[in-house]
Amino acid sequence: MLTVDFDRLRVGRRTRFIDVGAGAGRHSYEALRRGADVTAYDLDEVELKGVADMFEAMRLEGELPDTAHGEVAVGDIGDMPYPDGHFDVVLASEILEHVPADEAGIAELARILAPGGTLAVTVPRWWPEKVCWVLSDEYHANEGGHIRIYRADELDAKLRAAGLVSVHRHHAHALHSPYWWIKCAVGVNRDQHPLVRAYHRLLVWDMMKAPRATRIAERLLDPVMGKSVALYYRKPLAP
């Protein structure tokens, strides 16, 4: 399940790509399939071990172009060990809402992006996220949880202040918003609740089969109730 448009990011063979806050690696895998030079970067060493294992499995199964290279790196968004302008594409998906010093993190994302390169940032959309917070303290009030709710224009202002130029914006995953509202209403850890299980089966079916009806429905609903907002930027060629 991808939140960003990889064609818009122009990820291809030998693209230097970093997935900051890679988690379980869903975006890193797509970049690798396209032949990019991929770094999956995250604080969670256990998650990254799984990503590294999947990189190797994809290689052994012959799923990757010959230019594809994947590595994992453990570290903090606020202090990334890369030279200025090191990556052609920088992705930070669903991570900044967890970061106390978000402006320092944004400055690092801009610093490691090459002039002319593309940055994509996604965060939970304000009003679907606000519903979750109202329904459940447990949803966000935990170690490593969400510490803020962004309005898209607020986040955009911070990214522009870092010297980046906005090029596009869209919403994603409208069908996932009700799932999280249900979880927050019944208890975020009650995965076996009948309503949670039923909706989860629907989402899995949709992801596996991608039927035309739900794809059209989600495209129509994304602008209204998409769970995430995705923002795209270019770094100017000259200051």
# chains A, B, ... in the order shown; residues from 1 in each chain; ligands from 1
>>> residues_around(residues="Leu109 in chain A", least_positions_apart="6", cutoff="9 Å", atoms="only C-alpha atoms", output="list in words")
Val20, Ile77, Gly78, Met80, Val90, Leu91, Ala92 and Leu119 of chain A
>>> residues_around(residues="Ile149 in chain A", least_positions_apart="6", cutoff="10 Å", atoms="only C-alpha atoms", output="mmCIF file with N, CA and C atoms, in the first residue's frame")
data_model
loop_
_atom_site.group_PDB
_atom_site.id
_atom_site.type_symbol
_atom_site.label_atom_id
_atom_site.label_comp_id
_atom_site.auth_asym_id
_atom_site.auth_seq_id
_atom_site.Cartn_x
_atom_site.Cartn_y
_atom_site.Cartn_z
ATOM 1 N N LEU A 96 6.877 12.568 10.564
ATOM 2 C CA LEU A 96 7.054 13.849 11.253
ATOM 3 C C LEU A 96 6.084 14.044 12.403
ATOM 4 N N GLU A 97 4.905 13.399 12.349
ATOM 5 C CA GLU A 97 3.952 13.523 13.456
ATOM 6 C C GLU A 97 4.459 12.846 14.733
ATOM 7 N N HIS A 98 5.547 12.066 14.617
ATOM 8 C CA HIS A 98 6.149 11.409 15.777
ATOM 9 C C HIS A 98 7.346 12.192 16.343
ATOM 10 N N VAL A 123 1.785 12.910 6.046
ATOM 11 C CA VAL A 123 1.378 12.887 7.451
ATOM 12 C C VAL A 123 -0.123 12.585 7.497
ATOM 13 N N PRO A 124 -0.638 12.177 8.652
ATOM 14 C CA PRO A 124 -2.085 12.018 8.760
ATOM 15 C C PRO A 124 -2.807 13.342 8.505
ATOM 16 N N ARG A 125 -3.896 13.269 7.771
ATOM 17 C CA ARG A 125 -4.689 14.458 7.473
ATOM 18 C C ARG A 125 -5.382 14.962 8.740
ATOM 19 N N TRP A 126 -5.550 16.291 8.826
ATOM 20 C CA TRP A 126 -5.992 16.901 10.083
ATOM 21 C C TRP A 126 -7.311 16.339 10.584
ATOM 22 N N TRP A 127 -8.395 16.380 9.784
ATOM 23 C CA TRP A 127 -9.696 16.073 10.393
ATOM 24 C C TRP A 127 -9.908 14.578 10.632
ATOM 25 N N PRO A 128 -9.489 13.662 9.761
ATOM 26 C CA PRO A 128 -9.604 12.246 10.138
ATOM 27 C C PRO A 128 -8.762 11.900 11.376
ATOM 28 N N GLU A 129 -7.593 12.534 11.469
ATOM 29 C CA GLU A 129 -6.745 12.295 12.633
ATOM 30 C C GLU A 129 -7.378 12.867 13.905
ATOM 31 N N LYS A 130 -8.001 14.035 13.793
ATOM 32 C CA LYS A 130 -8.661 14.659 14.943
ATOM 33 C C LYS A 130 -9.770 13.760 15.480
ATOM 34 N N TRP A 133 -8.205 11.154 17.658
ATOM 35 C CA TRP A 133 -7.782 11.687 18.959
ATOM 36 C C TRP A 133 -8.973 11.893 19.888
ATOM 37 N N LEU A 155 2.227 22.563 7.779
ATOM 38 C CA LEU A 155 3.395 21.767 7.406
ATOM 39 C C LEU A 155 4.044 22.334 6.150
#
>>> residues_around(residues="range 163-175 of chain A", least_positions_apart="4", cutoff="7 Å", atoms="only C-alpha atoms", output="NGL selection string")
:A and (3 or 159 or 218 or 221-223 or 225-236)
>>> closest_residue(among="A:Tyr29, A:Trp180, A:Phe17, A:Tyr199", to="Leu64 in chain A", atoms="only C-alpha atoms")
A:Tyr29
>>> closest_residue(among="A:Leu2, A:Ala73, A:Ala162, A:Ala110", to="Glu45 in chain A", atoms="only C-alpha atoms")
A:Ala73
>>> closest_residue(among="A:His69, A:Val51, A:His176, A:Asp42", to="Val204 in chain A", atoms="only C-alpha atoms")
A:His176
>>> select_by_dssp(residues="range 5-234 of chain A", states="alpha helix (DSSP H)", output="number ranges by chain")
A: 6-9, 26-33, 45-60, 102-112, 126-135, 152-161, 176-186, 194-209, 212-225
>>> closest_residue(among="A:Ala52, A:Ala120, A:Ala40, A:Val188", to="Arg10 in chain A", atoms="only C-alpha atoms")
A:Ala120
>>> closest_residue(among="A:Ala22, A:Ile95, A:Met54, A:Val89", to="Asp7 in chain A", atoms="only C-alpha atoms")
A:Val89
>>> closest_residue(among="A:Tyr82, A:Phe55, A:Tyr41, A:Tyr179", to="Gly70 in chain A", atoms="only C-alpha atoms")
A:Phe55
>>> residues_around(residues="Pro65 in chain A", least_positions_apart="3", cutoff="12 Å", atoms="only C-alpha atoms", output="NGL selection string")
:A and (12-14 or 30-37 or 58-62 or 68-70)
>>> residues_around(residues="Met1 in chain A", least_positions_apart="5", cutoff="9 Å", atoms="only C-alpha atoms", output="short mmCIF file (atom, residue, chain, number, x, y, z; two decimals) with N, CA and C atoms, in the first residue's frame")
data_model
loop_
_atom_site.label_atom_id
_atom_site.label_comp_id
_atom_site.auth_asym_id
_atom_site.auth_seq_id
_atom_site.Cartn_x
_atom_site.Cartn_y
_atom_site.Cartn_z
N ARG A 26 7.58 -0.63 3.09
CA ARG A 26 6.69 -0.72 1.93
C ARG A 26 7.13 0.20 0.78
N HIS A 27 7.57 1.41 1.08
CA HIS A 27 8.02 2.30 0.01
C HIS A 27 9.44 1.93 -0.46
N HIS A 173 -5.77 7.08 0.80
CA HIS A 173 -6.26 6.07 1.74
C HIS A 173 -7.57 6.44 2.43
N MET A 207 -6.82 -4.53 -1.15
CA MET A 207 -5.41 -4.43 -1.51
C MET A 207 -4.97 -5.58 -2.41
#
>>> atom_distance(atom1="CA of Asp79 in chain A", atom2="CA of Ala104 in chain A")
8.5 Å
>>> select_by_dssp(residues="range 3-50 of chain A", states="strand (DSSP E)", output="list of chain:residue names")
A:Arg16, A:Phe17, A:Ile18, A:Asp19, A:Val20, A:Asp37, A:Val38, A:Thr39, A:Ala40, A:Tyr41, A:Asp42
>>> atom_distance(atom1="CA of Arg111 in chain A", atom2="CA of Val11 in chain A")
19.3 Å
>>> residues_around(residues="Tyr139 in chain A", least_positions_apart="6", cutoff="12 Å", atoms="only C-alpha atoms", output="JSON, numbers by chain")
{"A": [129, 130, 131, 132, 133, 145, 146, 147, 180, 181, 182, 183, 184, 185, 186, 187, 188, 189, 190]}
>>> decode(residues="range 138-175 of chain A", atoms="N, CA and C atoms", output="PDB file, in the first residue's frame")
ATOM      1  N   GLU A 138      -5.718   6.487  23.871  1.00  0.00           N
ATOM      2  CA  GLU A 138      -4.769   5.388  23.672  1.00  0.00           C
ATOM      3  C   GLU A 138      -4.160   5.421  22.278  1.00  0.00           C
ATOM      4  N   TYR A 139      -4.892   5.949  21.321  1.00  0.00           N
ATOM      5  CA  TYR A 139      -4.420   6.008  19.938  1.00  0.00           C
ATOM      6  C   TYR A 139      -3.120   6.804  19.807  1.00  0.00           C
ATOM      7  N   HIS A 140      -3.007   7.881  20.580  1.00  0.00           N
ATOM      8  CA  HIS A 140      -1.854   8.764  20.401  1.00  0.00           C
ATOM      9  C   HIS A 140      -1.005   8.943  21.645  1.00  0.00           C
ATOM     10  N   ALA A 141      -1.557   8.753  22.839  1.00  0.00           N
ATOM     11  CA  ALA A 141      -0.835   9.044  24.081  1.00  0.00           C
ATOM     12  C   ALA A 141      -0.043   7.823  24.529  1.00  0.00           C
ATOM     13  N   ASN A 142       0.993   7.490  23.738  1.00  0.00           N
ATOM     14  CA  ASN A 142       1.860   6.370  24.087  1.00  0.00           C
ATOM     15  C   ASN A 142       3.265   6.674  23.592  1.00  0.00           C
ATOM     16  N   GLU A 143       4.235   5.963  24.136  1.00  0.00           N
ATOM     17  CA  GLU A 143       5.627   6.207  23.761  1.00  0.00           C
ATOM     18  C   GLU A 143       5.821   5.980  22.268  1.00  0.00           C
ATOM     19  N   GLY A 144       6.373   6.988  21.592  1.00  0.00           N
ATOM     20  CA  GLY A 144       6.590   6.883  20.162  1.00  0.00           C
ATOM     21  C   GLY A 144       5.364   7.178  19.326  1.00  0.00           C
ATOM     22  N   GLY A 145       4.255   7.571  19.961  1.00  0.00           N
ATOM     23  CA  GLY A 145       3.016   7.820  19.244  1.00  0.00           C
ATOM     24  C   GLY A 145       2.982   9.201  18.606  1.00  0.00           C
ATOM     25  N   HIS A 146       1.815   9.546  18.073  1.00  0.00           N
ATOM     26  CA  HIS A 146       1.646  10.842  17.423  1.00  0.00           C
ATOM     27  C   HIS A 146       1.628  11.944  18.483  1.00  0.00           C
ATOM     28  N   ILE A 147       2.429  12.972  18.276  1.00  0.00           N
ATOM     29  CA  ILE A 147       2.499  14.047  19.266  1.00  0.00           C
ATOM     30  C   ILE A 147       1.861  15.345  18.760  1.00  0.00           C
ATOM     31  N   ARG A 148       1.461  15.365  17.493  1.00  0.00           N
ATOM     32  CA  ARG A 148       0.808  16.563  16.959  1.00  0.00           C
ATOM     33  C   ARG A 148      -0.090  16.164  15.798  1.00  0.00           C
ATOM     34  N   ILE A 149      -1.036  17.048  15.492  1.00  0.00           N
ATOM     35  CA  ILE A 149      -1.862  16.914  14.296  1.00  0.00           C
ATOM     36  C   ILE A 149      -1.542  18.103  13.397  1.00  0.00           C
ATOM     37  N   TYR A 150      -1.088  17.826  12.191  1.00  0.00           N
ATOM     38  CA  TYR A 150      -0.753  18.893  11.263  1.00  0.00           C
ATOM     39  C   TYR A 150      -1.967  19.332  10.445  1.00  0.00           C
ATOM     40  N   ARG A 151      -2.078  20.621  10.242  1.00  0.00           N
ATOM     41  CA  ARG A 151      -2.841  21.137   9.116  1.00  0.00           C
ATOM     42  C   ARG A 151      -1.870  21.209   7.934  1.00  0.00           C
ATOM     43  N   ALA A 152      -2.334  20.842   6.763  1.00  0.00           N
ATOM     44  CA  ALA A 152      -1.434  20.760   5.612  1.00  0.00           C
ATOM     45  C   ALA A 152      -0.726  22.084   5.349  1.00  0.00           C
ATOM     46  N   ASP A 153      -1.422  23.198   5.490  1.00  0.00           N
ATOM     47  CA  ASP A 153      -0.804  24.496   5.218  1.00  0.00           C
ATOM     48  C   ASP A 153       0.275  24.827   6.245  1.00  0.00           C
ATOM     49  N   GLU A 154       0.084  24.374   7.477  1.00  0.00           N
ATOM     50  CA  GLU A 154       1.103  24.585   8.515  1.00  0.00           C
ATOM     51  C   GLU A 154       2.377  23.828   8.170  1.00  0.00           C
ATOM     52  N   LEU A 155       2.227  22.563   7.779  1.00  0.00           N
ATOM     53  CA  LEU A 155       3.395  21.767   7.406  1.00  0.00           C
ATOM     54  C   LEU A 155       4.044  22.334   6.150  1.00  0.00           C
ATOM     55  N   ASP A 156       3.235  22.745   5.192  1.00  0.00           N
ATOM     56  CA  ASP A 156       3.765  23.334   3.960  1.00  0.00           C
ATOM     57  C   ASP A 156       4.617  24.557   4.273  1.00  0.00           C
ATOM     58  N   ALA A 157       4.186  25.383   5.201  1.00  0.00           N
ATOM     59  CA  ALA A 157       4.957  26.581   5.552  1.00  0.00           C
ATOM     60  C   ALA A 157       6.323  26.199   6.129  1.00  0.00           C
ATOM     61  N   LYS A 158       6.370  25.155   6.927  1.00  0.00           N
ATOM     62  CA  LYS A 158       7.647  24.719   7.504  1.00  0.00           C
ATOM     63  C   LYS A 158       8.582  24.191   6.422  1.00  0.00           C
ATOM     64  N   LEU A 159       8.043  23.477   5.455  1.00  0.00           N
ATOM     65  CA  LEU A 159       8.867  22.934   4.375  1.00  0.00           C
ATOM     66  C   LEU A 159       9.352  24.042   3.452  1.00  0.00           C
ATOM     67  N   ARG A 160       8.512  25.011   3.166  1.00  0.00           N
ATOM     68  CA  ARG A 160       8.941  26.151   2.359  1.00  0.00           C
ATOM     69  C   ARG A 160      10.017  26.957   3.081  1.00  0.00           C
ATOM     70  N   ALA A 161       9.882  27.070   4.400  1.00  0.00           N
ATOM     71  CA  ALA A 161      10.877  27.814   5.177  1.00  0.00           C
ATOM     72  C   ALA A 161      12.252  27.150   5.127  1.00  0.00           C
ATOM     73  N   ALA A 162      12.267  25.853   4.823  1.00  0.00           N
ATOM     74  CA  ALA A 162      13.536  25.129   4.694  1.00  0.00           C
ATOM     75  C   ALA A 162      14.145  25.290   3.300  1.00  0.00           C
ATOM     76  N   GLY A 163      13.531  26.136   2.463  1.00  0.00           N
ATOM     77  CA  GLY A 163      14.089  26.428   1.153  1.00  0.00           C
ATOM     78  C   GLY A 163      13.562  25.563   0.031  1.00  0.00           C
ATOM     79  N   LEU A 164      12.469  24.839   0.277  1.00  0.00           N
ATOM     80  CA  LEU A 164      11.916  23.939  -0.723  1.00  0.00           C
ATOM     81  C   LEU A 164      10.754  24.590  -1.471  1.00  0.00           C
ATOM     82  N   VAL A 165      10.517  24.125  -2.680  1.00  0.00           N
ATOM     83  CA  VAL A 165       9.474  24.680  -3.541  1.00  0.00           C
ATOM     84  C   VAL A 165       8.368  23.646  -3.709  1.00  0.00           C
ATOM     85  N   SER A 166       7.159  24.015  -3.341  1.00  0.00           N
ATOM     86  CA  SER A 166       6.023  23.106  -3.445  1.00  0.00           C
ATOM     87  C   SER A 166       5.659  22.870  -4.904  1.00  0.00           C
ATOM     88  N   VAL A 167       5.394  21.578  -5.242  1.00  0.00           N
ATOM     89  CA  VAL A 167       5.025  21.255  -6.625  1.00  0.00           C
ATOM     90  C   VAL A 167       3.710  20.493  -6.736  1.00  0.00           C
ATOM     91  N   HIS A 168       3.247  19.873  -5.651  1.00  0.00           N
ATOM     92  CA  HIS A 168       2.011  19.096  -5.758  1.00  0.00           C
ATOM     93  C   HIS A 168       1.543  18.711  -4.360  1.00  0.00           C
ATOM     94  N   ARG A 169       0.236  18.363  -4.287  1.00  0.00           N
ATOM     95  CA  ARG A 169      -0.361  17.893  -3.032  1.00  0.00           C
ATOM     96  C   ARG A 169      -1.543  16.986  -3.368  1.00  0.00           C
ATOM     97  N   HIS A 170      -1.699  15.894  -2.647  1.00  0.00           N
ATOM     98  CA  HIS A 170      -2.884  15.057  -2.816  1.00  0.00           C
ATOM     99  C   HIS A 170      -3.168  14.309  -1.515  1.00  0.00           C
ATOM    100  N   HIS A 171      -4.332  13.663  -1.452  1.00  0.00           N
ATOM    101  CA  HIS A 171      -4.715  12.858  -0.293  1.00  0.00           C
ATOM    102  C   HIS A 171      -4.791  11.387  -0.685  1.00  0.00           C
ATOM    103  N   ALA A 172      -4.690  10.504   0.306  1.00  0.00           N
ATOM    104  CA  ALA A 172      -4.649   9.073   0.032  1.00  0.00           C
ATOM    105  C   ALA A 172      -5.333   8.284   1.145  1.00  0.00           C
ATOM    106  N   HIS A 173      -5.770   7.077   0.798  1.00  0.00           N
ATOM    107  CA  HIS A 173      -6.261   6.071   1.737  1.00  0.00           C
ATOM    108  C   HIS A 173      -7.574   6.442   2.431  1.00  0.00           C
ATOM    109  N   ALA A 174      -8.528   6.931   1.648  1.00  0.00           N
ATOM    110  CA  ALA A 174      -9.830   7.274   2.230  1.00  0.00           C
ATOM    111  C   ALA A 174     -10.503   6.072   2.874  1.00  0.00           C
ATOM    112  N   LEU A 175     -10.357   4.895   2.288  1.00  0.00           N
ATOM    113  CA  LEU A 175     -11.026   3.715   2.841  1.00  0.00           C
ATOM    114  C   LEU A 175     -10.430   3.286   4.179  1.00  0.00           C
TER     115      LEU A 175
END
